[in-house]
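Scroll down for the structure; my scribbles are underneath it.
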Amino acid sequence: MSQPATVSANRAKAADATMFNILFIIGLCHLLNDAIQSVVPAMFPILEKSMGLSFTQLGIIAFSLNMVSSVLQPVVGVITDKKPMPFALPIGLTLTLGGVLGIAFAPSFGLIVISVIFIGLGSAVFHPEGSRVAYMAAGNRRGLAQSIYQVGGNTGQALAPLITALILVPFGQKGASWFTIVAAIAVLLLIYIANWYKKRLVKYPLISKKQETLTAKKSGLSKKVKQALLFILLLIFARSWYISGMTNFYAFYAIEEYSLSIKDSQLFLFAFLIAGAFGTFFGGPLADRFGKKKVISISMLSTVPFSILIPFVPSVLAFIFLTITGFILMTSFSVTVVYAQELVPGKIGTMSGLTVGLAFGMGAIGSVGLGYIADLFSLSSMVSTIGFLPLLGLIAFLLPSDHTVQEWNQ
């Protein structure tokens with residue numbers, strides 16, 4: 001073999017290697033970012049008492065946070081697919097840092113909304129580029145890489161109940177200011193990641209050219225690809241509305257139904273979210289082995305019996321069912337992202353922004369809608385109704401198989 005051919009082969013082999021150090025760092029940054037973002041719903045019981053906010057107003061706060069993030073994520077993804085921006089990562093976390101300071105000292109409902117908009121902006125910038133870093137560091141293990149990245153975020157979200165119990169309950173609204181330290185650590189780590197990202201683009205230009213070629217081929221999406229994307233988005237809708245209802249309002253339900261304290265109710269929510277983080281981690285490797293369509297289908301439909309029964313069982317069983325539901329449902333989270341990325345090769349940021357961003361957006365709309373239903377009817381009625389949402393997982397059977405998607409891309 002000639003020297004140029006050997007060098008080319010070695011470069012290709014290096015590009016296909018899974019870079020676990022980068023994956024763990026970007027996963028940790030995702031954890032820190034989403035832990036900061038989780039301060040907002042974690043503060044709901046505190047804000048409801050200190051400011052006398054209604055469920056609808058709490059829904060508006062969640063809507064403001066998630067809608068800004070969801071609308072801008074695909075926009076950022078489209079822009080960075082054309083021109084990657086490594087240093088957008090630390091810049092995004094800096095915006096989040098400013099939002100955290102604002103929410104800690106905001107004296108009114110309006111200023112809280114403005115503060116969470118800054119947190120949403122930071123999230124919108126971070127997520128598409130963070131997902132791209134995971135893709136670049138994945139090598140040939142995309143499911144595992146995306147799981148490591150996404151499990152960081154879901155673990156951060158799972159910390160919300162502990163944040164409430166250990167920091168926000170004793171320190172109140174101003175306790176959120178402690179998370180400026182967390183944001184500063186994340187910014188420093190992301191400066192390191194941004195430097196690696198920049199060097200990677202220079203060192204392996206062939207990857208970028210390949211993506212450009214695939215993008216050109218896929219400039220006009222076929223009807224079948226558009227249909228598959230629609231099915232994925234409908235599945236995200238069902239999952240996001242359910243998670244939004246449980247994350248934002250189940251603590252209130254547990255307090256009302258089981259006469260729990262705010263601190264104790266957060267343990268139920270923590271079980272749901274931390275189990276979801278474990279589910280997210282295992283979903284990617286399972287998809288690498290058994291196929292993405294199978295994991296998505298089983299994840300959604302296996303949740304149904306538990307999600308329906310949760311509102312009708314004693315507290316001990318509710319705790320167990322919440323844990324099982326969180327684990328099973330979230331095994332599909334990272335898998336839907338990778339599935340969408342492989343449906344439209346070369347649009348890594350766009351597909352990440354669309355799928356993850358839509359999850360935030362659907363959660364935002366769900367926060368307002370479900371909060372309104374809880375105010376209009378009852379909290380119990382709302383929690384009982386959303387248990388049927390995972391039934392929409394039947395749509396997963398209409399998705400093309402992994403093999404079919406690979407054939408479309410040849």
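Within each chain, counting starts at residue 1; across the structure tokens, chains are named A, B, ... in the order shown, with ligands numbered 1 upward in that order.
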- Message: Please list as number ranges by chain every residue within 9 Å of Ile274 of chain A, counting only C-alpha atoms and excluding residues in the same chain fewer than 2 positions away.
- Response: A: 154-159, 269-272, 276-279, 323, 326-327
Residues of segment 85-166 of chain A that approach segment 57-64 of chain A to 12 Å or less, counting only C-alpha atoms: could you list each one with the shortest pair of atoms and its distance in Å to one decimal, rows by chain and increasing residue number, as a tab-separated table?
residue	atom	partner	partner_atom	distance
A:Ile103	CA	A:Ile61	CA	11.0
A:Ser108	CA	A:Gln57	CA	11.9
A:Phe109	CA	A:Gln57	CA	8.4
A:Gly110	CA	A:Ile61	CA	9.3
A:Leu111	CA	A:Ile61	CA	10.4
A:Ile112	CA	A:Ile61	CA	7.6
A:Val113	CA	A:Ile61	CA	5.7
A:Ile114	CA	A:Ser64	CA	8.3
A:Ser115	CA	A:Ser64	CA	9.5
A:Val116	CA	A:Ser64	CA	6.8
A:Ile117	CA	A:Ser64	CA	6.0
A:Phe118	CA	A:Ser64	CA	9.7
A:Ile119	CA	A:Ser64	CA	9.7
A:Gly120	CA	A:Ser64	CA	7.7
A:Leu121	CA	A:Ser64	CA	10.4
- Task: Point out the residue among A:Ser54, A:Lys294, A:Pro305, A:Pro41 with the least atom-to-atom distance to Ser244 of chain A, counting only C-alpha atoms.
- Result: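 Smallest distance to Ser244 of chain A is found for A:Pro41.
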- Query: In Å to one decimal, how far is atom CA of Ile348 of chain A from atom CA of Gly77 of chain A?
  - Reply: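 Answer for the atom CA of Gly77 of chain A to atom CA of Ile348 of chain A separation: 7.5 Å.
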- Close residues, segment 368-375 of chain A itself excluded, 12 Å, only C-alpha atoms, min 3 positions apart in chain, as a PyMOL selection string: chain A and resi 53-67+240-250+252-253+361-365+378-386
- Task: Skip Gln173 of chain A itself and residues of its chain fewer than 6 positions away, then list as a VMD selection string all residues within 12 Å of it, counting only C-alpha atoms.
- Result: chain A and resid 39 to 40 42 to 51 100 to 108 112 163 to 164 167 179
Deliver the residues from the most recent selection as a file, using C-alpha atoms, as an mmCIF file, in the first residue's frame.
data_model
loop_
_atom_site.group_PDB
_atom_site.id
_atom_site.type_symbol
_atom_site.label_atom_id
_atom_site.label_comp_id
_atom_site.auth_asym_id
_atom_site.auth_seq_id
_atom_site.Cartn_x
_atom_site.Cartn_y
_atom_site.Cartn_z
ATOM 1 C CA VAL A 39 -34.356 25.062 38.195
ATOM 2 C CA VAL A 40 -37.413 26.630 36.515
ATOM 3 C CA ALA A 42 -38.286 22.918 40.288
ATOM 4 C CA MET A 43 -39.166 26.401 41.547
ATOM 5 C CA PHE A 44 -42.877 26.053 40.712
ATOM 6 C CA PRO A 45 -43.975 25.040 44.238
ATOM 7 C CA ILE A 46 -41.827 27.856 45.667
ATOM 8 C CA LEU A 47 -43.174 30.492 43.262
ATOM 9 C CA GLU A 48 -46.744 29.275 43.691
ATOM 10 C CA LYS A 49 -46.506 29.979 47.426
ATOM 11 C CA SER A 50 -44.371 33.143 47.457
ATOM 12 C CA MET A 51 -46.106 34.930 44.553
ATOM 13 C CA VAL A 100 -30.249 32.131 36.268
ATOM 14 C CA LEU A 101 -29.144 35.347 37.957
ATOM 15 C CA GLY A 102 -32.325 37.021 36.753
ATOM 16 C CA ILE A 103 -34.696 34.334 38.025
ATOM 17 C CA ALA A 104 -32.987 34.285 41.436
ATOM 18 C CA PHE A 105 -33.679 37.963 42.076
ATOM 19 C CA ALA A 106 -36.765 38.692 39.931
ATOM 20 C CA PRO A 107 -39.440 40.449 42.081
ATOM 21 C CA SER A 108 -42.366 39.932 39.697
ATOM 22 C CA ILE A 112 -39.318 35.816 35.818
ATOM 23 C CA ILE A 163 -32.666 20.854 43.855
ATOM 24 C CA THR A 164 -36.076 21.740 45.259
ATOM 25 C CA ILE A 167 -31.665 24.101 47.953
ATOM 26 C CA PHE A 179 -26.410 27.744 39.892
#
- Query: To one decimal place, how far is atom CA of Ser70 of chain A from atom CA of Asn409 of chain A in Å?
  - Reply: 27.5 Å
- Task: From the DSSP assignment of the backbone, select every residue of segment 31-261 of chain A that is alpha helix (DSSP H), and format the answer as an MDAnalysis selection string.
- Result: chainID A and resid 31:37 39:42 44:50 55:82 88:105 109:137 142:158 160:163 169:171 179:203 205:217 223:258
- With distances taken over only C-alpha atoms, which of A:Tyr258, A:Phe237, A:Phe126, A:Trp178 is nearest to Gln73 of chain A?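 For Gln73 of chain A, the nearest of the candidates is A:Phe126.
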- Have a look at atom CA of Leu32 of chain A and atom CA of Gly387 of chain A and let me know their distance in Å, one decimal. 29.8 Å
- Message: Excluding Thr325 of chain A and its own-chain neighbours fewer than 3 positions away, which residues fall within 10 Å of it when counting only C-alpha atoms? Please give them as a ChimeraX atom specification.
- Response: /A:271-273,275-276,279,299-300,302-307,310,319-322,328-330
Keeping only N, CA and C atoms, take the residues you just selected and write them out as an mmCIF file, in the first residue's frame.
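Okay, part-v2.cif is ready:
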data_model
loop_
_atom_site.group_PDB
_atom_site.id
_atom_site.type_symbol
_atom_site.label_atom_id
_atom_site.label_comp_id
_atom_site.auth_asym_id
_atom_site.auth_seq_id
_atom_site.Cartn_x
_atom_site.Cartn_y
_atom_site.Cartn_z
ATOM 1 N N ALA A 271 -37.767 9.932 41.173
ATOM 2 C CA ALA A 271 -37.758 8.526 40.737
ATOM 3 C C ALA A 271 -38.120 8.418 39.262
ATOM 4 N N PHE A 272 -39.130 9.178 38.845
ATOM 5 C CA PHE A 272 -39.577 9.182 37.447
ATOM 6 C C PHE A 272 -38.462 9.677 36.528
ATOM 7 N N LEU A 273 -37.825 10.771 36.911
ATOM 8 C CA LEU A 273 -36.835 11.406 36.040
ATOM 9 C C LEU A 273 -35.498 10.672 36.028
ATOM 10 N N ALA A 275 -35.030 7.502 36.607
ATOM 11 C CA ALA A 275 -35.253 6.261 35.853
ATOM 12 C C ALA A 275 -35.246 6.561 34.354
ATOM 13 N N GLY A 276 -35.807 7.724 33.978
ATOM 14 C CA GLY A 276 -35.782 8.135 32.579
ATOM 15 C C GLY A 276 -34.370 8.355 32.075
ATOM 16 N N GLY A 279 -32.997 5.011 31.384
ATOM 17 C CA GLY A 279 -33.621 4.519 30.151
ATOM 18 C C GLY A 279 -32.988 5.141 28.917
ATOM 19 N N SER A 299 -40.703 0.852 23.395
ATOM 20 C CA SER A 299 -40.629 1.883 24.430
ATOM 21 C C SER A 299 -41.979 2.549 24.667
ATOM 22 N N MET A 300 -42.637 2.948 23.603
ATOM 23 C CA MET A 300 -43.900 3.669 23.737
ATOM 24 C C MET A 300 -45.014 2.770 24.262
ATOM 25 N N SER A 302 -44.969 -0.300 25.705
ATOM 26 C CA SER A 302 -44.781 -0.985 26.986
ATOM 27 C C SER A 302 -45.064 -0.070 28.175
ATOM 28 N N THR A 303 -45.079 1.233 27.912
ATOM 29 C CA THR A 303 -45.354 2.210 28.966
ATOM 30 C C THR A 303 -46.832 2.248 29.349
ATOM 31 N N VAL A 304 -47.701 1.933 28.393
ATOM 32 C CA VAL A 304 -49.147 2.175 28.522
ATOM 33 C C VAL A 304 -49.781 1.616 29.798
ATOM 34 N N PRO A 305 -49.601 0.338 30.131
ATOM 35 C CA PRO A 305 -50.291 -0.183 31.328
ATOM 36 C C PRO A 305 -49.942 0.582 32.605
ATOM 37 N N PHE A 306 -48.679 0.967 32.728
ATOM 38 C CA PHE A 306 -48.238 1.652 33.950
ATOM 39 C C PHE A 306 -48.709 3.106 33.978
ATOM 40 N N SER A 307 -48.619 3.790 32.838
ATOM 41 C CA SER A 307 -49.012 5.202 32.800
ATOM 42 C C SER A 307 -50.510 5.363 33.078
ATOM 43 N N ILE A 310 -51.124 4.621 37.118
ATOM 44 C CA ILE A 310 -50.468 5.460 38.132
ATOM 45 C C ILE A 310 -51.442 6.275 38.981
ATOM 46 N N PHE A 319 -45.260 5.056 43.175
ATOM 47 C CA PHE A 319 -43.811 5.302 43.132
ATOM 48 C C PHE A 319 -43.122 4.276 42.234
ATOM 49 N N ILE A 320 -43.495 3.008 42.382
ATOM 50 C CA ILE A 320 -42.891 1.931 41.577
ATOM 51 C C ILE A 320 -43.248 2.100 40.104
ATOM 52 N N PHE A 321 -44.542 2.368 39.830
ATOM 53 C CA PHE A 321 -44.993 2.513 38.443
ATOM 54 C C PHE A 321 -44.365 3.744 37.773
ATOM 55 N N LEU A 322 -44.185 4.817 38.545
ATOM 56 C CA LEU A 322 -43.522 6.005 38.004
ATOM 57 C C LEU A 322 -42.091 5.675 37.571
ATOM 58 N N ILE A 328 -38.850 2.996 30.861
ATOM 59 C CA ILE A 328 -39.258 2.440 29.565
ATOM 60 C C ILE A 328 -39.490 3.542 28.539
ATOM 61 N N LEU A 329 -40.218 4.580 28.927
ATOM 62 C CA LEU A 329 -40.583 5.625 27.974
ATOM 63 C C LEU A 329 -39.359 6.335 27.404
ATOM 64 N N MET A 330 -38.358 6.573 28.238
ATOM 65 C CA MET A 330 -37.215 7.362 27.799
ATOM 66 C C MET A 330 -36.148 6.558 27.056
#
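The protein and nucleic acid residues lying at most 6 Å from Leu97 of chain A are A:Thr94, A:Leu95, A:Gly99, A:Val100, A:Thr180, A:Ala183, with only C-alpha atoms considered and sequence neighbours fewer than 2 positions away removed.
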- Query: Counting only C-alpha atoms, what is within 12 Å of Gly27 of chain A, bar same-chain residues fewer than 2 positions away, as an NGL selection string?
  - Reply: :A and (20-25 or 29-34 or 126-127 or 130-131 or 133-134 or 137 or 144-156 or 186 or 189-190 or 193 or 277 or 281)
Written file, previous selection with C-alpha atoms, as an mmCIF file, in the first residue's frame:
data_model
loop_
_atom_site.group_PDB
_atom_site.id
_atom_site.type_symbol
_atom_site.label_atom_id
_atom_site.label_comp_id
_atom_site.auth_asym_id
_atom_site.auth_seq_id
_atom_site.Cartn_x
_atom_site.Cartn_y
_atom_site.Cartn_z
ATOM 1 C CA PHE A 20 -15.297 8.596 24.885
ATOM 2 C CA ASN A 21 -13.435 11.435 26.604
ATOM 3 C CA ILE A 22 -15.200 14.016 24.429
ATOM 4 C CA LEU A 23 -18.543 12.213 24.795
ATOM 5 C CA PHE A 24 -18.297 12.176 28.589
ATOM 6 C CA ILE A 25 -17.348 15.868 28.739
ATOM 7 C CA CYS A 29 -21.968 19.782 30.052
ATOM 8 C CA HIS A 30 -25.428 18.636 28.951
ATOM 9 C CA LEU A 31 -26.092 17.557 32.532
ATOM 10 C CA LEU A 32 -25.012 20.960 33.886
ATOM 11 C CA ASN A 33 -27.019 22.841 31.231
ATOM 12 C CA ASP A 34 -30.213 20.910 31.845
ATOM 13 C CA PHE A 126 -26.352 24.610 23.159
ATOM 14 C CA HIS A 127 -28.419 21.613 22.093
ATOM 15 C CA GLY A 130 -23.865 19.670 21.504
ATOM 16 C CA SER A 131 -25.562 16.952 19.484
ATOM 17 C CA VAL A 133 -20.192 17.179 18.936
ATOM 18 C CA ALA A 134 -21.650 13.817 20.030
ATOM 19 C CA ALA A 137 -17.107 11.902 18.464
ATOM 20 C CA LEU A 144 -24.318 4.819 22.135
ATOM 21 C CA ALA A 145 -22.809 8.272 21.563
ATOM 22 C CA GLN A 146 -26.179 9.988 21.406
ATOM 23 C CA SER A 147 -27.255 8.114 24.533
ATOM 24 C CA ILE A 148 -24.198 9.302 26.473
ATOM 25 C CA TYR A 149 -24.938 12.863 25.368
ATOM 26 C CA GLN A 150 -28.680 12.727 26.049
ATOM 27 C CA VAL A 151 -28.406 10.882 29.356
ATOM 28 C CA GLY A 152 -26.431 13.842 30.635
ATOM 29 C CA GLY A 153 -29.343 16.137 29.879
ATOM 30 C CA ASN A 154 -31.952 13.830 31.326
ATOM 31 C CA THR A 155 -29.898 13.316 34.481
ATOM 32 C CA GLY A 156 -29.704 17.077 34.827
ATOM 33 C CA ALA A 186 -20.039 24.463 32.182
ATOM 34 C CA LEU A 189 -15.664 22.904 29.946
ATOM 35 C CA LEU A 190 -17.332 24.065 26.740
ATOM 36 C CA ILE A 193 -14.863 21.276 23.780
ATOM 37 C CA ALA A 277 -32.099 9.073 32.547
ATOM 38 C CA PHE A 281 -28.616 5.586 28.375
#
- Option closest in space to Phe388 of chain A, from A:Ala318, A:Leu343, A:Leu301, A:Leu93 [counting only C-alpha atoms]: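 Using only C-alpha atoms, Phe388 of chain A sits closest to A:Leu301.
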